[in-house]
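Peer 1: Structure file start-v3.csv, CSV, C-alpha atoms, is pasted below:
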chain,number,residue,atom,x,y,z
H,1,MET,CA,-3.4,95.6,55.8
H,2,SER,CA,-4.0,93.5,52.7
H,3,ASP,CA,-2.9,94.1,49.1
H,4,ARG,CA,-5.6,93.2,46.7
H,5,SER,CA,-4.2,90.5,44.3
H,6,TYR,CA,-2.9,91.9,41.1
H,7,SER,CA,-2.3,90.1,37.8
H,8,SER,CA,-2.4,91.4,34.3
H,9,THR,CA,-3.6,88.1,33.1
H,10,GLN,CA,-6.2,87.2,35.6
H,11,GLY,CA,-9.9,88.0,35.1
H,12,THR,CA,-11.5,89.8,32.2
H,13,GLN,CA,-11.3,93.4,33.6
H,14,TYR,CA,-8.1,95.2,34.4
H,15,ASP,CA,-8.1,97.0,37.7
H,16,PRO,CA,-5.6,99.9,37.3
H,17,PHE,CA,-5.5,100.6,41.0
H,18,SER,CA,-4.4,97.2,42.3
H,19,ASN,CA,-1.0,97.2,40.8
H,20,PRO,CA,1.8,97.9,43.3
H,21,ALA,CA,4.2,98.7,40.5
H,22,VAL,CA,2.4,101.9,39.5
H,23,GLY,CA,1.7,105.2,41.2
H,24,ASP,CA,3.5,107.0,44.0
H,25,MET,CA,0.7,107.0,46.6
H,26,VAL,CA,-1.2,104.3,48.4
H,27,ILE,CA,-4.8,104.9,49.7
H,28,GLN,CA,-5.3,102.5,52.6
H,29,THR,CA,-8.9,101.9,53.4
H,30,LEU,CA,-10.6,101.3,56.7
H,31,ASP,CA,-10.9,97.6,55.9
H,32,GLY,CA,-7.2,97.2,54.9
H,33,ALA,CA,-7.5,97.4,51.1
H,34,ARG,CA,-4.8,99.4,49.2
H,35,PHE,CA,-5.2,101.4,46.1
H,36,TYR,CA,-2.2,102.5,44.1
H,37,VAL,CA,-2.7,106.0,42.7
H,38,ASP,CA,-0.8,109.0,41.3
H,39,LYS,CA,-0.1,111.6,44.0
H,40,ARG,CA,-0.3,114.5,41.5
H,41,ILE,CA,-3.7,113.4,40.2
H,42,MET,CA,-5.1,113.0,43.6
H,43,ALA,CA,-3.8,116.4,44.8
H,44,GLN,CA,-5.3,118.1,41.7
H,45,ALA,CA,-8.7,116.5,42.1
H,46,SER,CA,-9.0,116.8,45.9
H,47,SER,CA,-7.9,119.7,48.1
H,48,TRP,CA,-8.1,117.2,51.0
H,49,PHE,CA,-5.4,115.0,49.5
H,50,ALA,CA,-3.4,118.0,48.4
H,51,GLY,CA,-3.1,118.9,52.1
H,52,LYS,CA,-1.9,115.4,52.9
H,53,CYS,CA,0.8,115.3,50.3
H,54,PRO,CA,4.4,116.0,51.7
H,55,PRO,CA,6.7,118.2,49.6
H,56,PRO,CA,8.7,116.2,47.0
H,57,LEU,CA,12.1,114.9,48.3
H,58,LEU,CA,15.1,113.6,46.3
H,59,PRO,CA,15.6,109.9,47.0
H,60,SER,CA,18.8,108.9,48.7
H,61,PRO,CA,21.4,107.2,46.4
H,62,GLY,CA,20.9,103.5,46.1
H,63,THR,CA,17.4,103.5,47.8
H,64,ALA,CA,14.1,103.1,46.2
H,65,GLU,CA,11.5,105.9,46.6
H,66,LYS,CA,8.8,104.8,49.1
H,67,LYS,CA,5.2,105.3,48.2
H,68,PHE,CA,3.4,107.7,50.4
H,69,VAL,CA,0.5,106.0,52.3
H,70,VAL,CA,-2.7,107.9,53.1
H,71,PRO,CA,-5.2,106.2,55.5
H,72,VAL,CA,-8.8,106.9,54.9
H,73,ASN,CA,-11.9,106.2,57.0
H,74,ASP,CA,-13.9,104.5,54.3
H,75,ASP,CA,-14.0,101.0,53.0
H,76,TYR,CA,-13.0,99.3,49.7
H,77,CYS,CA,-16.5,99.4,48.2
H,78,LEU,CA,-16.4,103.2,48.2
H,79,TRP,CA,-13.0,103.7,46.7
H,80,GLU,CA,-13.4,101.2,44.0
H,81,LYS,CA,-16.4,103.2,42.7
H,82,LEU,CA,-15.0,106.7,43.5
H,83,LEU,CA,-11.5,106.4,41.8
H,84,PRO,CA,-12.7,105.7,38.3
H,85,ILE,CA,-14.8,108.9,38.4
H,86,LEU,CA,-11.9,110.9,39.7
H,87,TYR,CA,-9.7,109.5,36.9
H,88,SER,CA,-11.9,111.0,34.2
H,89,SER,CA,-10.3,108.7,31.5
H,90,LEU,CA,-11.7,105.6,33.3
H,91,GLU,CA,-15.4,106.2,32.7
H,92,GLN,CA,-17.9,103.7,34.0
H,93,PRO,CA,-21.6,103.8,34.7
H,94,VAL,CA,-22.8,105.1,38.1
H,95,ALA,CA,-25.7,103.2,39.7
H,96,PHE,CA,-28.4,105.4,41.2
H,97,ALA,CA,-28.1,103.5,44.5
H,98,ASP,CA,-24.4,104.6,44.7
H,99,LEU,CA,-25.0,108.4,44.1
H,100,GLY,CA,-25.7,109.3,47.8
H,101,PHE,CA,-22.5,107.9,49.3
H,102,LEU,CA,-20.4,109.0,46.3
H,103,LEU,CA,-21.7,112.6,46.7
H,104,HIS,CA,-21.0,112.4,50.4
H,105,ALA,CA,-17.5,111.2,49.8
H,106,ALA,CA,-16.8,113.9,47.1
H,107,LYS,CA,-17.9,116.5,49.7
H,108,LYS,CA,-15.9,114.9,52.5
H,109,TYR,CA,-12.7,114.8,50.4
H,110,ARG,CA,-13.4,118.1,48.7
H,111,MET,CA,-13.5,116.7,45.2
H,112,ALA,CA,-15.2,119.5,43.3
H,113,GLY,CA,-14.8,117.9,39.9
H,114,VAL,CA,-16.3,114.6,41.0
H,115,SER,CA,-19.2,116.5,42.6
H,116,ASN,CA,-19.9,118.3,39.4
H,117,VAL,CA,-19.9,115.1,37.4
H,118,LEU,CA,-22.4,113.5,39.8
H,119,GLY,CA,-24.5,116.6,39.9
H,120,GLN,CA,-24.9,116.5,36.1
H,121,LEU,CA,-25.9,112.8,36.3
H,122,LEU,CA,-28.8,113.9,38.5
H,123,LEU,CA,-30.2,115.8,35.6
H,124,SER,CA,-30.2,112.8,33.2
H,125,VAL,CA,-33.4,111.3,31.9
H,126,ASP,CA,-32.7,108.0,33.5
H,127,MET,CA,-32.2,109.5,37.0
H,128,MET,CA,-35.4,111.6,36.7
H,129,GLU,CA,-37.3,108.3,36.7
H,130,GLU,CA,-36.8,108.6,40.5
H,131,PRO,CA,-37.6,112.3,41.1
H,132,LEU,CA,-38.0,112.2,44.9
H,133,GLN,CA,-34.6,110.6,45.3
H,134,VAL,CA,-33.0,113.1,42.9
H,135,TYR,CA,-34.7,116.0,44.8
H,136,ALA,CA,-33.4,114.8,48.1
H,137,LEU,CA,-29.8,114.4,46.9
H,138,ALA,CA,-29.9,117.6,44.9
H,139,CYS,CA,-31.0,119.6,47.9
H,140,ALA,CA,-28.5,117.9,50.3
H,141,PHE,CA,-25.5,118.6,48.0
H,142,GLY,CA,-26.4,121.9,46.5
H,143,PHE,CA,-27.6,121.2,42.9
H,144,GLN,CA,-30.5,123.6,42.5
H,145,ASP,CA,-31.1,122.9,38.8
H,146,ALA,CA,-31.6,119.2,39.5
H,147,ALA,CA,-33.8,120.0,42.5
H,148,ARG,CA,-36.0,122.2,40.4
H,149,ALA,CA,-36.3,119.6,37.6
H,150,ALA,CA,-37.1,116.8,40.1
H,151,ALA,CA,-39.7,118.9,42.0
H,152,ARG,CA,-41.4,119.6,38.7
H,153,ARG,CA,-41.3,116.0,37.8
H,154,MET,CA,-42.9,115.1,41.2
H,155,LEU,CA,-46.0,117.1,40.2
H,156,ARG,CA,-46.9,114.2,37.9
H,157,LEU,CA,-46.8,111.7,40.8
H,158,PRO,CA,-49.1,111.2,43.8
H,159,VAL,CA,-48.1,113.3,46.8
H,160,TYR,CA,-47.4,110.2,49.0
H,161,VAL,CA,-44.9,108.0,47.3
H,162,GLY,CA,-43.4,106.3,50.4
H,163,TYR,CA,-40.1,106.7,52.1
H,164,VAL,CA,-36.9,106.5,50.0
H,165,ALA,CA,-33.4,106.0,51.5
H,166,GLU,CA,-32.1,109.2,49.9
H,167,LEU,CA,-34.3,111.3,52.1
H,168,HIS,CA,-31.9,110.8,55.0
H,169,HIS,CA,-29.5,113.1,53.2
H,170,ALA,CA,-32.0,115.9,53.0
H,171,SER,CA,-33.4,118.2,55.7
H,172,ALA,CA,-37.0,118.3,56.9
H,173,ALA,CA,-37.0,121.9,55.7
H,174,ALA,CA,-36.1,120.7,52.1
H,175,TYR,CA,-39.0,118.2,52.2
H,176,HIS,CA,-41.4,120.9,53.5
H,177,ARG,CA,-40.4,123.2,50.6
H,178,LEU,CA,-41.2,120.4,48.2
H,179,LEU,CA,-44.7,120.0,49.6
H,180,ASP,CA,-45.2,123.8,49.7
H,181,TYR,CA,-44.1,124.1,46.0
H,182,ARG,CA,-46.6,121.3,45.1
H,183,ARG,CA,-49.4,123.2,47.0
H,184,ARG,CA,-48.6,126.5,45.3
H,185,CYS,CA,-48.5,124.8,41.8
H,186,GLY,CA,-51.9,123.3,42.5
H,187,ASP,CA,-53.3,126.7,43.5
H,188,ALA,CA,-51.8,128.2,40.3
H,189,VAL,CA,-53.5,125.6,38.1
H,190,ARG,CA,-56.8,126.0,40.0
H,191,ALA,CA,-56.7,129.7,39.1
H,192,VAL,CA,-56.5,128.8,35.4
H,193,LEU,CA,-59.4,126.3,35.7
H,194,ARG,CA,-61.6,128.4,37.9
H,195,TRP,CA,-65.1,128.6,36.5
H,196,GLN,CA,-67.6,130.7,38.6
H,197,THR,CA,-70.7,132.2,37.1
H,198,SER,CA,-69.2,132.4,33.6
H,199,PRO,CA,-66.4,130.6,31.8
H,200,PRO,CA,-62.8,131.7,32.3
H,201,VAL,CA,-61.8,134.7,30.2
H,202,TRP,CA,-59.4,132.7,28.1
H,203,MET,CA,-62.2,130.4,27.1
H,204,LEU,CA,-64.5,133.2,26.0
H,205,ASP,CA,-61.7,134.4,23.6
H,206,MET,CA,-61.8,131.1,21.7
H,207,ASP,CA,-63.6,130.6,18.5
H,208,MET,CA,-66.0,127.7,19.3
H,209,SER,CA,-68.4,127.8,16.4
H,210,VAL,CA,-70.2,124.5,15.9
H,211,THR,CA,-72.4,123.0,13.3
H,212,ASP,CA,-74.7,121.2,15.7
H,213,GLY,CA,-75.4,121.2,19.4
H,214,GLY,CA,-74.8,124.9,19.9
H,215,ILE,CA,-72.3,126.9,22.0
H,216,ASP,CA,-74.1,126.3,25.2
H,217,GLU,CA,-73.7,122.5,24.9
H,218,ILE,CA,-70.0,123.0,24.2
H,219,LEU,CA,-69.5,125.2,27.2
H,220,ARG,CA,-71.4,122.8,29.5
H,221,SER,CA,-69.3,119.9,28.3
H,222,TRP,CA,-66.1,121.8,28.9
H,223,ARG,CA,-67.2,122.9,32.3
H,224,ALA,CA,-67.8,119.3,33.3
H,225,GLY,CA,-64.4,118.4,32.0
H,226,ILE,CA,-62.7,121.3,33.9
H,227,GLU,CA,-64.5,120.3,37.1
H,228,GLY,CA,-63.1,116.8,36.6
H,229,LEU,CA,-59.6,118.1,36.2
H,230,GLU,CA,-59.9,120.2,39.3
H,231,GLY,CA,-60.6,117.1,41.3
H,232,MET,CA,-57.3,115.6,40.1
H,233,ILE,CA,-55.1,118.6,41.0
H,234,GLN,CA,-54.4,117.6,44.6
H,235,ASP,CA,-52.9,114.3,43.5
H,236,HIS,CA,-51.4,115.4,40.2
H,237,PRO,CA,-50.9,119.2,39.9
H,238,ASP,CA,-49.0,118.9,36.6
H,239,LEU,CA,-52.0,118.0,34.5
H,240,THR,CA,-51.9,116.9,30.9
H,241,PRO,CA,-55.4,117.9,29.8
H,242,THR,CA,-55.0,116.8,26.2
H,243,PHE,CA,-54.9,113.1,27.2
H,244,SER,CA,-57.1,113.3,30.4
H,245,PRO,CA,-60.3,111.2,30.3
H,246,ALA,CA,-61.8,113.5,32.9
H,247,LEU,CA,-61.6,116.3,30.3
H,248,LEU,CA,-62.5,114.4,27.2
H,249,GLN,CA,-65.4,112.2,28.4
H,250,PRO,CA,-68.0,115.1,28.7
H,251,LEU,CA,-67.1,116.3,25.2
H,252,LEU,CA,-67.5,112.9,23.7
H,253,GLN,CA,-70.9,112.7,25.2
H,254,ALA,CA,-71.9,116.2,24.1
H,255,LEU,CA,-70.7,116.0,20.5
H,256,PRO,CA,-71.8,113.0,18.5
H,257,GLU,CA,-69.9,114.0,15.4
H,258,PRO,CA,-66.2,112.7,15.4
H,259,ALA,CA,-65.0,115.6,13.3
H,260,GLU,CA,-66.4,118.1,15.8
H,261,VAL,CA,-65.0,116.2,18.7
H,262,MET,CA,-61.5,116.2,17.2
H,263,SER,CA,-61.7,119.9,16.2
H,264,HIS,CA,-62.8,121.2,19.5
H,265,THR,CA,-60.7,118.8,21.6
H,266,HIS,CA,-57.5,119.9,19.9
H,267,LYS,CA,-58.3,123.6,20.0
H,268,PHE,CA,-59.4,123.6,23.6
H,269,ALA,CA,-56.8,121.3,25.1
H,270,GLU,CA,-53.9,123.0,23.2
H,271,VAL,CA,-54.8,126.3,24.8
H,272,LEU,CA,-55.4,124.8,28.2
H,273,ASP,CA,-52.1,122.8,28.2
H,274,GLY,CA,-50.2,126.0,27.5
H,275,LEU,CA,-52.0,127.9,30.3
H,276,VAL,CA,-51.3,125.1,32.8
H,277,LEU,CA,-47.7,124.9,31.9
H,278,LYS,CA,-47.3,128.7,32.1
H,279,ALA,CA,-48.9,128.8,35.5
H,280,ILE,CA,-46.6,126.2,36.9
H,281,ASP,CA,-43.5,127.8,35.3
H,282,GLU,CA,-44.3,131.0,37.3
H,283,VAL,CA,-44.1,129.1,40.6
H,284,GLU,CA,-40.6,129.2,42.2
H,285,LEU,CA,-39.1,126.4,44.2
H,286,GLU,CA,-37.6,127.9,47.3
H,287,PHE,CA,-34.2,127.2,48.7
H,288,ASP,CA,-32.3,128.1,51.9
Show me this structure written as structure tokens.
Peer 2:
Amino acid sequence: MSDRSYSSTQGTQYDPFSNPAVGDMVIQTLDGARFYVDKRIMAQASSWFAGKCPPPLLPSPGTAEKKFVVPVNDDYCLWEKLLPILYSSLEQPVAFADLGFLLHAAKKYRMAGVSNVLGQLLLSVDMMEEPLQVYALACAFGFQDAARAAARRMLRLPVYVGYVAELHHASAAAYHRLLDYRRRCGDAVRAVLRWQTSPPVWMLDMDMSVTDGGIDEILRSWRAGIEGLEGMIQDHPDLTPTFSPALLQPLLQALPEPAEVMSHTHKFAEVLDGLVLKAIDEVELEFD
């Protein structure tokens, strides 16, 4: 056992859990660190701790009330990160690398409030920069909204992005469902782009009048562009046709007039973007 040193004057950051003079409970970690906390707060935040707390007793006259000690099977590094989240007034940033073991601890100690806070973090813009990691954690700990958002974000990335440590939290079935979702999204987008003996119906409904070159040349250029997009679907099912060189290059070659290029590019890509997004929106990510 070792008390962490406490001084109200040392250092630049006050650690509220290292002061033996406060709180009525001691969390004693596997590596001997001691955290001084409020038993009532711990019991309210964690049903695991609520079950560990003895009923209140009146102290004997002339004796100081002893702090109740709860041993835990985790080390100092976990609890120094977990307690500030549990004490909601002590907000601090949560590093992405810490999310996995914090979510695991919140589940282990049955801290529903902490789990919800961390689950909301998974949906943040910054976290979605790592969609495969978010997907793995969201599936492992039951955050379906975050899993859906991450799976959708993954459509913009190559299918093989390498191993990430967070995958060990998720099941093989969850990873299979991600790959299946990606395949079905690709199939849905191909159905939008499919051009057989004639253009897709949605293209024929468009007004594509031109001053030069004729409608046939426009259709040929769009067909070449669509075929270029189809070749990209396997790697990136969530296409952004408006900005895709594969789509625009044939049109630039077919229409020498800049005004015509801009007019038809905007009209065509706006419709196509909407159809691609709608097709992907109709694909459901499956869960257990």
Peer 1: What is the distance between atom CA of Phe68 of chain H and atom CA of Val117 of chain H, in Å to one decimal?
Peer 2: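 That distance, rounded to one decimal, is 27.7 Å.
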Peer 1: Using only C-alpha atoms, which of H:Asp38, H:Glu130, H:Asp273, H:Asp24 sits nearest Arg153 of chain H?
Peer 2: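 Ranked by minimum distance to Arg153 of chain H, first place goes to H:Glu130.
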Peer 1: Would you compute the distance between atom CA of Lys267 of chain H and atom CA of Ile280 of chain H? Give it in Å to one decimal.
Peer 2: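 Separation of atom CA of Lys267 of chain H and atom CA of Ile280 of chain H: 20.7 Å.
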Peer 1: I need the residue nearest Tyr135 of chain H from this list: H:Val69, H:Cys185, H:Leu285, H:Ala269. Use all atoms listed in the file for the distance.
Peer 2: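 For Tyr135 of chain H, the nearest of the candidates is H:Leu285.
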Peer 1: Mind giving me the straight-line distance from atom CA of Ala165 of chain H to atom CA of Gln133 of chain H in Å, one decimal?
Peer 2: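 Those two atoms sit 7.8 Å apart.
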Peer 1: Env of Val26 of chain H: 10 Å cut, atoms = only C-alpha atoms, seq-sep filter 6 positions within chain, self excluded. Answer as an MDAnalysis selection string.
Peer 2: chainID H and resid 17:18 20 33:39 67:71
Peer 1: For Leu132 of chain H, list every protein, DNA or RNA residue within 9 Å, evaluated using all atoms listed in the file, and leave out those in the same chain fewer than 5 positions away; present the list as a ChimeraX atom specification.
Peer 2: /H:137,150-151,153-154,161,164,166-167
Peer 1: Leaving out Pro93 of chain H and any residue of its chain fewer than 4 positions from it, which residues lie within 12 Å of it when counting all atoms listed in the file, given as a PyMOL selection string?
Peer 2: chain H and resi 81-82+84-85+97-99+117-118+121+126
Peer 1: For each of H:Asn116, H:Gln44, H:Ser88, H:Thr29, take the minimum atom-to-atom distance to Asn73 of chain H, counting all atoms listed in the file, then give the residue where this is smallest.
Peer 2: H:Thr29
Peer 1: Using only C-alpha atoms, determine which residues lie at most 8 Å from Trp48 of chain H, disregarding the query and same-chain residues fewer than 3 positions distant; provide the list as number ranges by chain.
Peer 2: H: 43, 51-52, 109-111
